[in-house]
Amino acid sequence: MSRISAALRRCLPAAGLLLHLAAPQPARSECALSFLPIEESKYLLKGEGCEEAASVSITVDYDTAYLFAPEATVMGGSFPEEYRTALQTPGSLQLRILNEERSAALEATLYFQKRGDYPAVINFVTAEVADLSGAVSPVQVEMAAPANLPEEEVPGKPAGQTPSVAQEPLHELLKAGDQPPPASNASKAPPPGGKTVLERFREYSGTRTFAALKALFEGGDPCCSQTPPILVADGRKTARIVLSGVETAAGPPRFTVSGGSLVSARRSSDEEWVVVVRPDRYAWEVRLNAIFANAVIDLPLAVVPPIEIPRRQLAQINAKTFPARLQSFVSSYKGVSKYPVWLREYLFTANCLAARAGRER
């Protein structure tokens with residue numbers, strides 16, 4: 001009898017371990033974030049299930065043609081001491097919310113001063129969450145329809161439905177009937193910086209490294225700057241163009257846009273104008289034409305149609321992994337085989353650079 005009891009005692013720890021492994025473990029909560037417009041220039045960032053988050057970092061990219069002087073308040077957490085410094089970069093509001101009390105719900109209210117009569121423009125919102133171990137991971141932010149876009153104008157959605165950017169299905173690379181850019185731009189006036197980025201890709205014959213292809217986007221005329229430097233043409237985001245060294249005569253200058261729409265144009269100083277353009281969805285080529293007293297400008301914007309690769313995956317590609325990922329896209333990605341290799345390289349590189357820029361801002 002004693003021998004049986006001893007055997008049972010030896011088996012009890014193993015049996016307890018098996019029961020522990022077989023029992024259902026509590027699911028680990030994940031921090032879910034949403035960004036909602038409350039009023040014309042007031043927004044609410046909500047976090048739910050954040051008890052395991054040590055901090056939440058957000059970047060709100062906004063257009064300074066419409067919004068300026070941001071302020072923020074927080075509930076359920078706190079801002080670090082450098083909070084005021086985070087508000088001083090025009091166009092990019094970067095905040096970190098500390099969750100020292102391990103609150104499940106976090107809320108930050110963002111206030112902006114508004115400029116002019118045009119609707120406010122929020123370009124995008126990104127976020128990262130640091131867990132209790134210090135590991136940082138990107139988190140998707142679910143957004144309501146942009147406040148500057150009435151429901152009946154939301155691309156691809158019927159009136160009366162307010163879509164969520166995060167819930168929209170991944171779309172095809174190009175809609176039926178859309179065409180890539182023409183093989184030649186000889187009939188158009190040369191851009192201020194010489195060749196367009198598309199022309200540089202078409203003529204490039206060097207190595208396909210990240211640094212080499214990134215350099216093809218550089219070297220534009222400093223008198224014409226674009227923010228962001230590369231815009232993904234999803235039909236919602238806007239590009240802010242600053243034209244310097246221009247003069248006006250008795251009448252106002254004339255602006256026209258091909259491949260998109262003119263949102264606003266205003267003079268910020270005697271020789272500087274700020275123009276906001278919204279490229280059409282899936283646009284390959286967008287040009288801003290401006291006629292001033294001392295100059296005629298025909299400026300091609302750096303835009304690219306979106307591809308069906310999540311932005312956070314593109315943002316994580318580095319110089320070492322870029323060549324293999326580029327080759328995989330060029331050779332096997334569905335929907336692009338009908339386009340020349342140089343154009344596929346442009347698609348991938350431009351989307352990759354746009355995603356990386358959005359993460360770094």
# chains A, B, ... in the order shown; residues from 1 in each chain; ligands from 1
$ residues_around --residues "A:Glu51" --least-positions-apart "3" --cutoff "6 Å" --atoms "only C-alpha atoms" --output "compact mmCIF listing (two decimals) with C-alpha atoms, in the first residue's frame"
# COMPACT_ATOMS: atom_id res chain seq x y z
CA ARG A 102 -2.49 50.25 -16.25
CA SER A 103 -5.83 51.65 -17.37
CA ALA A 104 -7.82 49.59 -19.86
$ closest_residue --among "A:Ser41, A:Thr64, A:Asn289, A:Thr256" --to "A:Gly91" --atoms "only C-alpha atoms"
A:Thr64
$ closest_residue --among "A:Ser261, A:Asn123, A:Glu285, A:Ser78" --to "A:Glu100" --atoms "only C-alpha atoms"
A:Ser78
$ closest_residue --among "A:Leu36, A:Val304, A:Ile230, A:Val277" --to "A:Glu107" --atoms "only C-alpha atoms"
A:Leu36
$ atom_distance --atom1 "atom CA of A:Arg115" --atom2 "atom CA of A:Phe68"
7.4 Å
$ closest_residue --among "A:Leu93, A:Cys352, A:Gly76, A:Leu106" --to "A:Leu44" --atoms "only C-alpha atoms"
A:Leu106
$ closest_residue --among "A:Val303, A:Ala293, A:Ala215, A:Val274" --to "A:Gly235" --atoms "only C-alpha atoms"
A:Val303
$ closest_residue --among "A:Thr109, A:Asn318, A:Gln226, A:Ser328" --to "A:Leu45" --atoms "only C-alpha atoms"
A:Thr109
$ residues_around --residues "A:Ser225" --least-positions-apart "5" --cutoff "12 Å" --atoms "only C-alpha atoms" --output "compact mmCIF listing (two decimals) with N, CA and C atoms, in the first residue's frame"
# COMPACT_ATOMS: atom_id res chain seq x y z
N PRO A 192 10.31 72.04 -63.30
CA PRO A 192 11.39 72.91 -62.81
C PRO A 192 12.66 72.14 -62.52
N GLY A 193 12.59 70.90 -62.05
CA GLY A 193 13.78 70.14 -61.69
C GLY A 193 14.31 69.28 -62.82
N GLU A 218 15.02 62.30 -55.63
CA GLU A 218 15.63 63.50 -55.07
C GLU A 218 16.12 64.42 -56.18
N GLY A 219 16.48 65.63 -55.77
CA GLY A 219 17.08 66.57 -56.73
C GLY A 219 16.09 67.50 -57.40
N GLY A 220 14.90 67.69 -56.82
CA GLY A 220 13.95 68.63 -57.40
C GLY A 220 14.34 70.07 -57.16
N ILE A 230 6.31 62.04 -51.09
CA ILE A 230 5.66 61.07 -51.99
C ILE A 230 4.28 60.80 -51.43
N ALA A 239 -1.70 66.79 -51.04
CA ALA A 239 -0.30 67.21 -51.08
C ALA A 239 -0.25 68.72 -50.93
N ARG A 240 0.68 69.19 -50.13
CA ARG A 240 0.85 70.63 -49.89
C ARG A 240 2.07 71.10 -50.68
N ILE A 241 1.86 72.02 -51.61
CA ILE A 241 2.92 72.50 -52.49
C ILE A 241 3.26 73.95 -52.11
N VAL A 242 4.53 74.22 -51.86
CA VAL A 242 5.00 75.58 -51.59
C VAL A 242 5.78 76.07 -52.79
N LEU A 243 5.32 77.16 -53.38
CA LEU A 243 5.98 77.77 -54.55
C LEU A 243 6.65 79.06 -54.09
N SER A 244 7.98 79.12 -54.20
CA SER A 244 8.73 80.27 -53.71
C SER A 244 9.30 81.08 -54.87
N GLU A 272 5.66 83.90 -52.00
CA GLU A 272 5.45 82.49 -51.71
C GLU A 272 3.95 82.18 -51.66
N TRP A 273 3.59 81.07 -52.34
CA TRP A 273 2.21 80.61 -52.35
C TRP A 273 2.17 79.16 -51.85
N VAL A 274 1.10 78.84 -51.13
CA VAL A 274 0.87 77.49 -50.64
C VAL A 274 -0.37 76.94 -51.34
N VAL A 275 -0.19 75.83 -52.07
CA VAL A 275 -1.27 75.23 -52.85
C VAL A 275 -1.51 73.81 -52.33
N VAL A 276 -2.77 73.45 -52.14
CA VAL A 276 -3.12 72.11 -51.69
C VAL A 276 -3.86 71.39 -52.82
N LEU A 299 4.48 71.69 -62.73
CA LEU A 299 5.13 70.86 -61.73
C LEU A 299 4.49 69.49 -61.63
N PRO A 300 5.23 68.40 -61.93
CA PRO A 300 4.70 67.06 -61.70
C PRO A 300 4.84 66.69 -60.22
N LEU A 301 3.76 66.25 -59.61
CA LEU A 301 3.81 65.84 -58.22
C LEU A 301 4.32 64.40 -58.12
N ALA A 302 4.95 64.08 -57.01
CA ALA A 302 5.41 62.71 -56.75
C ALA A 302 4.25 61.94 -56.12
$ select_by_dssp --residues "stretch 205-258 of chain A" --states "alpha helix (DSSP H)" --output "PyMOL selection string"
chain A and resi 210-215
$ atom_distance --atom1 "atom CA of A:Leu347" --atom2 "atom CA of A:Leu262"
24.3 Å
$ residues_around --residues "stretch 311-313 of chain A" --least-positions-apart "6" --cutoff "9 Å" --atoms "only C-alpha atoms" --output "ChimeraX atom specification"
/A:138-140,351-352,354-356,359
$ write_last_selection --atoms "N, CA and C atoms" --output "mmCIF file, in the first residue's frame"
data_model
loop_
_atom_site.group_PDB
_atom_site.id
_atom_site.type_symbol
_atom_site.label_atom_id
_atom_site.label_comp_id
_atom_site.auth_asym_id
_atom_site.auth_seq_id
_atom_site.Cartn_x
_atom_site.Cartn_y
_atom_site.Cartn_z
ATOM 1 N N PRO A 138 3.744 48.266 -33.979
ATOM 2 C CA PRO A 138 2.752 49.163 -34.584
ATOM 3 C C PRO A 138 1.337 48.660 -34.360
ATOM 4 N N VAL A 139 0.400 49.582 -34.235
ATOM 5 C CA VAL A 139 -1.011 49.256 -34.036
ATOM 6 C C VAL A 139 -1.825 50.047 -35.047
ATOM 7 N N GLN A 140 -2.748 49.389 -35.695
ATOM 8 C CA GLN A 140 -3.597 50.060 -36.675
ATOM 9 C C GLN A 140 -4.581 50.986 -35.969
ATOM 10 N N ASN A 351 5.862 53.323 -52.947
ATOM 11 C CA ASN A 351 5.005 52.921 -51.826
ATOM 12 C C ASN A 351 5.835 52.634 -50.581
ATOM 13 N N CYS A 352 6.994 52.027 -50.762
ATOM 14 C CA CYS A 352 7.881 51.739 -49.644
ATOM 15 C C CYS A 352 8.379 53.032 -48.989
ATOM 16 N N ALA A 354 6.994 56.025 -49.133
ATOM 17 C CA ALA A 354 5.870 56.735 -48.512
ATOM 18 C C ALA A 354 5.527 56.127 -47.156
ATOM 19 N N ALA A 355 5.562 54.797 -47.060
ATOM 20 C CA ALA A 355 5.253 54.128 -45.789
ATOM 21 C C ALA A 355 6.325 54.417 -44.752
ATOM 22 N N ARG A 356 7.586 54.393 -45.154
ATOM 23 C CA ARG A 356 8.675 54.675 -44.220
ATOM 24 C C ARG A 356 8.625 56.115 -43.730
ATOM 25 N N ARG A 359 5.970 56.550 -41.092
ATOM 26 C CA ARG A 359 6.343 55.990 -39.793
ATOM 27 C C ARG A 359 7.369 56.854 -39.067
#
